[in-house]
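Novice: Please read through the structure below; I'll follow up with questions.
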Amino acid sequence: MSRCLSSLRRVPVRVSSAIILVMVIVLSSLTSSAFGARIAYVKSAPPKVSPAKMASIKVAAQSSQGAGSQGQRIWLAEPQSLQVTHVPAAGVQNLLAPAGPDFVASQPQPLSMINGDFDGDGIEDLAVGYATPGGGAIVLHRGNLDAFAPQSQESWIAIGQGRFPQPFLAEAQVVNVPIRPDFIAVGNFSSQASLDLVVASRNGNTLYVLAGDGQGNFAAPQGFSVSGGITALAAGQFGNRSNSTRLMIGVRQQGTFSLWVLGKSLGGLKALATYPLGAPATTIAFGDFGDSGPDAAILAGGQVSLLHSSSMQLETLSLPVSASAMTLGWFIFDRNPDIQIALLTSDGSIHIAAHNEFDPRPRTNDEMRAIRQAVLSGEPNPLVPRRLVATNGWRIVESIPSVAPFSPGQ
């Protein structure tokens with residue numbers, strides 16, 4: 001070894017550098033062969049590829065069929081743009097083909113929509129409610145696994161050419177229901193541990209549960225009668241129990257209004273609690289308002305009420321606006337990252353409501369360093385307090401003027 005080193009010292013610098021470069025290339029090739037692939041991180045802008053070179057690359061990609069264990073390659077030459085095209089399956093004209101020409105000819109009217117993984121393949125599906133001359137129908141568009149995780153060699157080659165599979169399978173499943181499905185919700189409301197569908201018509205007095213089998217199929221609708229007209233419907237997690245999926249509906253009955261909380265039982269749906277309301281409920285949403293589990297927000301007569309899962313008490317918020325629509329989220333930075341409520345009024349304005357502890361001050365550099373250190377140490381964020389129920393009330397923290405006013409009922 002010492003003799004080799006001494007002889008290396010007598011080699012000119014240029015030759016020595018060449019020997020080292022050759023050794024690096026040989027080691028790199030061995031590493032590439034050992035792992036079957038080589039990943040290069042390029043910090044500088046990649047060189048442009050001529051059209052002739054790109055054509056030869058595409059030919060090489062097409063001829064890579066039968067590459068065996070080496071897998072498929074997608075060649076991207078930046079900064080060239082990659083055009084994405086969705087290509088339907090051959091011979092399929094539309095997604096409603098399985099319903100037959102009669103369904104398409106009846107001009108079904110779309111009413112409602114919801115998502116869920118109904119066939120258990122890990123890809124979200126879409127359920128769309130339609131009004132038909134005979135009542136209604138639920139059209140299930142199943143998510144295409146091939147669009148998210150290519151399942152065939154042909155898909156890899158097509159993606160390499162910028163032709164991506166459709167996000168949904170070309171054929172849709174249609175389930176007929178006896179009503180207009182103005183409302184549609186998803187949850188586990190039957191004896192099987194899979195997602196079910198619940199549909200209802202506006203001002204109708206019957207809920208229909210379509211029990212799912214976890215493979216994308218649904219049983220015949222089973223009815224559940226309600227003593228009044230249904231004005232709103234939603235399903236979601238409520239509370240901190242493992243079987244805490246709840247179905248909530250707004251009910252109108254002879255000039256009185258109420259909120260019903262339903263859950264599953266051995267015999268189907270069961271009413272768990274009812275709450276009087278001052279006006280018909282129009283929107284129901286689930287969110288974390290600081291309780292031990294998710295709560296529910298109800299919009300009725302322009303006012304927002306919260307149903308707390310820990311106490312099962314209904315709290316009406318005092319806000320200076322009368323809302324036509326409502327949604328939950330986190331819209332404005334707050335040092336106390338509690339949920340916020342976005343409200344749409346009839347003049348088209350949007351108002352953001354937050355708890356009275358709302359604090360929009362930006363973080364200082366010292367605070368950001370403390371947060372980063374906590375993350376690196378695996379400790380909780382020292383500057384984010386634990387979420388608590390807002391005990392000091394709510395207020396409007398920001399209002400956005402309308403862009404296009406609209407009249408009620410539009």
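Here, A, B, ... name the chains of the structure tokens in the order displayed, residue numbers run from 1 inside each chain, and ligands are numbered from 1 in the same displayed order.
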List as a list in words the protein and nucleic acid residues near segment 337-340 of chain A, meaning an atom at most 9 Å away when only C-alpha atoms are counted, but skip any in the same chain fewer than 4 places from it.

Specialist: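 The contact residues come out as Gly287, Asp288, Phe289, Gly290, Thr327, Leu328, Gly329, Trp330, Phe331, Ile332, Phe333, Ile352, Ala353, Ala354, His355, Phe358, Val384, Pro385, Arg387, Leu388 and Ala390 of chain A.
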
Novice: At a cut-off of 12 Å, using only C-alpha atoms, what residues contact Pro294 of chain A? Leave out same-chain residues fewer than 3 positions from it and give the result as an mmCIF file with C-alpha atoms, in the first residue's frame.

Specialist:
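The resulting part23.cif:
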```
data_model
loop_
_atom_site.group_PDB
_atom_site.id
_atom_site.type_symbol
_atom_site.label_atom_id
_atom_site.label_comp_id
_atom_site.auth_asym_id
_atom_site.auth_seq_id
_atom_site.Cartn_x
_atom_site.Cartn_y
_atom_site.Cartn_z
ATOM 1 C CA ALA A 235 -73.390 13.431 8.407
ATOM 2 C CA GLY A 236 -70.015 13.492 10.143
ATOM 3 C CA GLN A 237 -67.937 12.669 13.188
ATOM 4 C CA PHE A 238 -69.540 13.998 16.365
ATOM 5 C CA GLY A 239 -67.831 13.421 19.709
ATOM 6 C CA ASN A 240 -64.799 11.283 20.486
ATOM 7 C CA ARG A 241 -66.223 7.774 20.355
ATOM 8 C CA SER A 244 -69.450 8.621 16.699
ATOM 9 C CA THR A 245 -70.719 9.166 13.144
ATOM 10 C CA ARG A 246 -73.973 11.059 13.430
ATOM 11 C CA ALA A 285 -71.399 21.402 9.245
ATOM 12 C CA PHE A 286 -69.060 19.463 11.527
ATOM 13 C CA GLY A 287 -65.839 20.871 13.000
ATOM 14 C CA ASP A 288 -63.503 21.075 15.995
ATOM 15 C CA PHE A 289 -64.674 23.860 18.291
ATOM 16 C CA GLY A 290 -62.481 22.857 21.236
ATOM 17 C CA ASP A 291 -64.521 20.025 22.732
ATOM 18 C CA ALA A 297 -72.577 24.155 13.515
ATOM 19 C CA LEU A 306 -73.202 25.280 17.929
ATOM 20 C CA LEU A 307 -74.128 21.842 19.232
ATOM 21 C CA HIS A 308 -71.346 20.822 21.644
ATOM 22 C CA SER A 309 -70.589 17.106 21.662
ATOM 23 C CA SER A 310 -69.294 17.141 25.263
ATOM 24 C CA MET A 312 -74.993 18.056 24.080
ATOM 25 C CA ILE A 339 -61.744 27.046 13.833
ATOM 26 C CA ARG A 387 -57.729 24.290 21.848
ATOM 27 C CA VAL A 389 -64.188 25.990 23.851
#
```

Novice: Tell me, as a ChimeraX atom specification, which residues lie within 10 Å of Tyr275 of chain A, counting only C-alpha atoms; anything in the same chain fewer than 2 positions away does not count.

Specialist: /A:250,257-261,273,277,307,312-314

Novice: What's the separation between atom CA of Leu344 of chain A and atom CA of Ala323 of chain A, in Å to one decimal place?

Specialist: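 Atom CA of Ala323 of chain A lies at a distance of 5.4 Å from atom CA of Leu344 of chain A.
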
Novice: Would you mind reading off the distance between atom CA of Leu266 of chain A and atom CA of Ala234 of chain A, one decimal, in Å?

Specialist: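 So the two atoms, atom CA of Leu266 of chain A and atom CA of Ala234 of chain A, lie 21.2 Å apart.
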
Novice: Determine which residues of segment 185-410 of chain A receive a DSSP assignment of strand (DSSP E), computed from the backbone, and state them as a VMD selection string.

Specialist: chain A and resid 185 to 187 196 to 200 206 to 210 222 to 225 229 to 237 245 to 253 256 to 265 268 to 277 281 to 287 295 to 300 303 to 307 314 to 316 323 to 329 340 to 345 350 to 355 394 to 400

Novice: Between A:Trp394, A:Pro133, A:Leu269, A:His351, which has the minimum distance to Ser305 of chain A (counting only C-alpha atoms)?

Specialist: A:Trp394

Novice: Separation of atom CA of Arg142 of chain A and atom CA of Phe168 of chain A, in Å?

Specialist: 5.6 Å

Novice: Hey, which of A:Ser311, A:Ser399, A:Ser191, A:Ser265 ends up closest to Asp295 of chain A? Count only C-alpha atoms.

Specialist: A:Ser311

Novice: Just list the residues in segment 148-327 of chain A DSSP gives alpha helix (DSSP H) on the backbone, as a list in words.

Specialist: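 Residues of segment 148-327 of chain A classed as alpha helix (DSSP H): Phe148, Gln153, Glu154, Ser155, Trp156, Ile157, Ala158, Ile159 and Gly160 of chain A.
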
Novice: Which one is closest to Val174 of chain A: A:Pro280, A:Gly136, A:Gly187, A:Gly143? Count only C-alpha atoms.

Specialist: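 Selected residue with least distance to Val174 of chain A: A:Gly136.
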
Novice: Give the answer as one residue: which of A:Ser318, A:Gly268, A:Gln109, A:Leu262 has the shortest atom-to-atom distance to Gly223 of chain A, using only C-alpha atoms?

Specialist: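 Of A:Ser318, A:Gly268, A:Gln109, A:Leu262, the one nearest Gly223 of chain A, counting only C-alpha atoms, is A:Gly268.
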